[in-house]
$ cat protein_19.csv   # CSV, C-alpha atoms
chain,number,residue,atom,x,y,z
A,290,GLU,CA,133.4,78.6,129.9
A,291,ALA,CA,130.6,79.6,127.6
A,292,HIS,CA,129.8,83.3,127.4
A,293,ASP,CA,127.5,85.5,125.4
A,294,VAL,CA,129.7,87.7,123.2
A,295,ARG,CA,127.3,90.7,123.6
A,296,ASP,CA,127.7,90.6,127.4
A,297,VAL,CA,131.5,90.5,127.1
A,298,LEU,CA,131.5,93.4,124.6
A,299,GLU,CA,129.1,95.5,126.8
A,300,GLU,CA,131.5,95.0,129.7
A,301,VAL,CA,134.4,96.2,127.5
A,302,CYS,CA,132.5,99.3,126.4
A,303,SER,CA,131.6,100.2,129.9
A,304,LEU,CA,135.2,99.8,131.1
A,305,VAL,CA,136.5,102.0,128.3
A,306,GLN,CA,133.9,104.7,128.8
A,307,ASP,CA,134.5,104.7,132.6
A,308,ARG,CA,138.3,105.0,132.1
A,309,ARG,CA,137.7,108.0,129.9
A,310,ARG,CA,135.4,109.7,132.4
A,311,LEU,CA,137.9,109.1,135.2
A,312,ALA,CA,140.6,110.8,133.1
A,313,HIS,CA,138.2,113.7,132.6
A,314,GLN,CA,138.0,113.0,128.8
A,315,ASN,CA,135.0,112.8,126.6
A,316,ALA,CA,133.4,109.4,126.8
A,317,PRO,CA,133.5,107.8,123.3
A,318,ASP,CA,130.4,107.2,121.2
A,319,VAL,CA,130.4,103.4,120.9
A,320,ALA,CA,127.9,101.7,118.7
A,321,LEU,CA,127.6,98.0,119.5
A,322,VAL,CA,125.7,95.8,117.1
A,323,ALA,CA,125.7,92.2,118.4
A,324,VAL,CA,122.6,90.0,118.9
A,325,SER,CA,122.3,88.2,122.2
A,326,GLY,CA,122.8,84.5,122.1
A,327,LEU,CA,126.2,84.5,120.3
A,328,ILE,CA,127.7,82.0,122.7
A,329,VAL,CA,131.4,81.2,122.6
A,330,GLU,CA,133.8,79.3,124.9
A,331,LEU,CA,136.4,81.6,126.3
A,332,ALA,CA,138.3,82.8,129.3
A,333,ARG,CA,136.3,85.9,130.1
A,334,THR,CA,138.9,88.0,132.0
A,335,PRO,CA,141.7,87.8,129.4
A,336,VAL,CA,139.2,88.3,126.5
A,337,VAL,CA,137.8,91.4,128.2
A,338,GLN,CA,141.4,92.7,128.6
A,339,ALA,CA,142.1,92.0,124.9
A,340,PHE,CA,139.0,93.8,123.7
A,341,THR,CA,139.5,96.7,126.2
A,342,ASN,CA,143.0,97.2,124.7
A,343,ILE,CA,141.6,97.1,121.1
A,344,VAL,CA,138.7,99.5,121.9
A,345,GLN,CA,141.0,101.8,123.9
A,346,ASN,CA,143.3,102.0,120.9
A,347,ALA,CA,140.4,102.8,118.7
A,348,VAL,CA,139.3,105.7,121.0
A,349,GLU,CA,142.9,107.0,121.2
A,350,ALA,CA,143.1,107.1,117.4
A,351,TYR,CA,141.1,110.3,117.7
A,352,ASP,CA,143.7,112.1,119.9
A,353,ASN,CA,144.9,115.2,118.2
A,354,THR,CA,142.2,115.0,115.5
A,355,GLY,CA,139.8,117.5,117.1
A,356,ARG,CA,137.0,115.0,116.7
A,357,SER,CA,135.0,113.2,119.3
A,358,PRO,CA,135.8,109.4,119.4
A,359,ARG,CA,133.3,107.2,117.6
A,360,VAL,CA,133.8,103.4,117.5
A,361,GLU,CA,131.7,100.8,115.9
A,362,ILE,CA,131.7,97.2,117.2
A,363,THR,CA,129.9,94.5,115.3
A,364,ALA,CA,129.7,90.8,116.2
A,365,GLY,CA,128.1,87.9,114.3
A,366,ARG,CA,128.4,84.2,113.6
A,367,GLU,CA,130.6,83.0,110.8
A,368,GLN,CA,130.5,79.2,110.3
A,369,ASN,CA,132.0,77.7,113.5
A,370,ALA,CA,133.3,81.0,114.8
A,371,ILE,CA,132.3,84.4,116.1
A,372,SER,CA,133.5,87.4,114.0
A,373,ILE,CA,134.0,90.7,115.8
A,374,ALA,CA,135.1,93.9,114.2
A,375,VAL,CA,136.1,97.1,116.0
A,376,ARG,CA,136.2,100.1,113.7
A,377,ASP,CA,137.3,103.7,114.3
A,378,PHE,CA,137.4,106.7,112.0
A,379,GLY,CA,140.4,108.2,113.6
A,380,CYS,CA,143.9,108.9,112.4
A,381,GLY,CA,144.6,105.5,110.8
A,382,MET,CA,148.0,104.0,110.1
A,383,ASP,CA,150.3,103.8,107.1
A,384,ALA,CA,151.8,100.5,106.0
A,385,ALA,CA,154.9,100.9,108.2
A,386,GLN,CA,152.8,101.7,111.3
A,387,LEU,CA,150.4,98.9,110.6
A,388,GLU,CA,153.4,96.5,110.4
A,389,GLN,CA,154.8,97.8,113.8
A,390,ALA,CA,151.4,97.8,115.6
A,391,LYS,CA,151.7,94.1,116.5
A,392,VAL,CA,155.3,94.4,117.7
A,393,LEU,CA,155.7,94.4,121.5
A,394,PHE,CA,156.8,97.8,123.0
A,395,SER,CA,156.4,99.5,119.6
A,396,SER,CA,154.0,102.5,119.7
A,397,SER,CA,153.3,105.4,117.5
A,398,LYS,CA,151.8,107.3,120.5
A,399,SER,CA,154.1,109.5,122.6
A,400,TYR,CA,152.5,108.1,125.7
A,401,GLY,CA,152.0,104.5,124.4
A,402,THR,CA,153.6,101.5,125.8
A,403,GLY,CA,153.3,99.2,122.8
A,404,PHE,CA,151.8,96.5,125.0
A,405,GLY,CA,148.0,96.7,124.4
A,406,LEU,CA,147.7,95.3,120.8
A,407,PRO,CA,150.4,92.6,121.1
A,408,LEU,CA,148.8,91.4,124.4
A,409,ALA,CA,145.4,91.3,122.6
A,410,LEU,CA,147.0,89.4,119.7
A,411,ARG,CA,148.5,86.8,122.1
A,412,ILE,CA,145.2,86.4,124.0
A,413,VAL,CA,143.2,85.9,120.8
A,414,GLU,CA,145.6,83.8,118.8
A,415,SER,CA,147.7,81.8,121.3
A,416,GLU,CA,145.2,81.4,124.2
A,417,HIS,CA,141.9,81.1,122.2
A,418,GLU,CA,143.1,79.8,118.8
A,419,GLY,CA,141.5,82.7,117.1
A,420,ARG,CA,142.7,85.2,114.5
A,421,LEU,CA,143.3,88.9,114.7
A,422,ARG,CA,143.8,91.0,111.5
A,423,LEU,CA,144.2,94.8,111.1
A,424,GLU,CA,143.0,97.0,108.2
A,425,SER,CA,143.9,100.7,108.2
A,426,ARG,CA,144.2,103.7,106.0
A,427,LYS,CA,146.1,106.8,107.1
A,428,GLY,CA,143.6,109.6,107.8
A,429,GLU,CA,140.6,107.3,107.5
A,430,GLY,CA,140.7,104.9,110.4
A,431,THR,CA,141.4,101.3,111.4
A,432,THR,CA,139.4,98.1,111.8
A,433,VAL,CA,140.5,95.2,114.0
A,434,HIS,CA,138.9,91.9,112.9
A,435,VAL,CA,138.8,89.1,115.4
A,436,LEU,CA,137.7,85.6,114.7
A,437,LEU,CA,137.1,83.4,117.8
A,438,PRO,CA,136.2,79.7,117.4
A,439,LEU,CA,132.8,78.7,119.0
A,440,LYS,CA,134.4,75.9,121.0
A,441,ALA,CA,137.8,75.5,122.6
A,442,SER,CA,139.9,72.8,120.9
A,443,GLY,CA,139.5,69.5,122.5
A,444,GLY,CA,136.0,70.3,123.4
A,445,GLU,CA,133.1,68.0,122.6
A,446,SER,CA,131.3,68.4,119.3
$ encode --input "protein_19.csv" --output "structure tokens"
Amino acid sequence: EAHDVRDVLEEVCSLVQDRRRLAHQNAPDVALVAVSGLIVELARTPVVQAFTNIVQNAVEAYDNTGRSPRVEITAGREQNAISIAVRDFGCGMDAAQLEQAKVLFSSSKSYGTGFGLPLALRIVESEHEGRLRLESRKGEGTTVHVLLPLKASGGES
């Protein structure tokens, strides 16, 4: 179905902030920059789950840093796709952690399951024919880049 990307990302932000409040943790400062009208064909529930996992990881990147979580989410159109970036300024990852981040059941967090990012990767790449790419620097933060095609394959042009 066709969905407005901004609406999907607003739902994700609300879910992550509510989860933090329920756990009696500081709600993250999330800056969302996405114009309305960026329409993309997607299965909403799994995509919300994928981005909730990505944003939750971004928030958790501040654990043990002593800083309040701040996450920037930007979305825009890029040719025949929607480009979404989720950026944090938390602990970041070194090259080895970055390589392991996409591996199922591999987590650098003592309480992590290693399920969130691999699930997001599967939803984006296998179920929506998109791309997910990570950039990170230890001590500086991480950016998750997602590219989702505007139309599902096999759709009419």
$ atom_distance --input "protein_19.csv" --atom1 "atom CA of Val305 of chain A" --atom2 "atom CA of Ser372 of chain A"
20.7 Å
$ residues_near_point --input "protein_19.csv" --point "(140.4, 112.3, 106.2)" --cutoff "12 Å" --atoms "all atoms listed in the file" --output "VMD selection string"
chain A and resid 351 354 356 378 to 382 426 to 430
$ residues_near_point --input "protein_19.csv" --point "(132.4, 104.9, 119.5)" --cutoff "7 Å" --atoms "all atoms listed in the file" --output "VMD selection string"
chain A and resid 317 to 320 358 to 361
$ atom_distance --input "protein_19.csv" --atom1 "atom CA of Ala323 of chain A" --atom2 "atom CA of Leu410 of chain A"
21.5 Å
$ residues_around --input "protein_19.csv" --residues "Leu331 of chain A" --least-positions-apart "3" --cutoff "8 Å" --atoms "all atoms listed in the file" --output "JSON, numbers by chain"
{"A": [290, 291, 292, 336, 417, 441]}
$ residues_around --input "protein_19.csv" --residues "Ala384 of chain A" --least-positions-apart "6" --cutoff "12 Å" --atoms "all atoms listed in the file" --output "PyMOL selection string"
chain A and resi 390+423-427+431
$ write_last_selection --input "protein_19.csv" --atoms "C-alpha atoms" --output "PDB file, in the frame of the given file"
ATOM      1  CA  ALA A 390     151.400  97.800 115.600  1.00  0.00           C
ATOM      2  CA  LEU A 423     144.200  94.800 111.100  1.00  0.00           C
ATOM      3  CA  GLU A 424     143.000  97.000 108.200  1.00  0.00           C
ATOM      4  CA  SER A 425     143.900 100.700 108.200  1.00  0.00           C
ATOM      5  CA  ARG A 426     144.200 103.700 106.000  1.00  0.00           C
ATOM      6  CA  LYS A 427     146.100 106.800 107.100  1.00  0.00           C
ATOM      7  CA  THR A 431     141.400 101.300 111.400  1.00  0.00           C
TER       8      THR A 431
END
$ closest_residue --input "protein_19.csv" --among "A:Leu436, A:Cys302, A:Ile343, A:Val322" --to "Ala409 of chain A" --atoms "only C-alpha atoms"
A:Ile343
$ atom_distance --input "protein_19.csv" --atom1 "atom CA of Arg310 of chain A" --atom2 "atom CA of Val413 of chain A"
27.6 Å
$ residues_around --input "protein_19.csv" --residues "Val375 of chain A" --least-positions-apart "6" --cutoff "8 Å" --atoms "all atoms listed in the file" --output "JSON, numbers by chain"
{"A": [343, 344, 347, 360, 361, 362, 363, 432, 433, 434]}
$ residues_around --input "protein_19.csv" --residues "Asp293 of chain A" --least-positions-apart "5" --cutoff "7 Å" --atoms "all atoms listed in the file" --output "list in words"
Ser325, Gly326, Leu327, Ile328 and Val329 of chain A
$ closest_residue --input "protein_19.csv" --among "A:Ala385, A:Ile412, A:Leu406, A:Ile371" --to "Val435 of chain A" --atoms "only C-alpha atoms"
A:Ile371
$ closest_residue --input "protein_19.csv" --among "A:Gly365, A:Gly419, A:Gly405, A:Pro438" --to "Phe340 of chain A" --atoms "only C-alpha atoms"
A:Gly405
$ closest_residue --input "protein_19.csv" --among "A:Thr341, A:Ser415, A:Asn346, A:Asn369" --to "Leu298 of chain A" --atoms "all atoms listed in the file"
A:Thr341
$ closest_residue --input "protein_19.csv" --among "A:Ala339, A:Ala374, A:Leu408, A:Ala364" --to "Asp296 of chain A" --atoms "only C-alpha atoms"
A:Ala364
$ closest_residue --input "protein_19.csv" --among "A:Val337, A:Val294, A:Leu439, A:Leu321" --to "Glu418 of chain A" --atoms "only C-alpha atoms"
A:Leu439
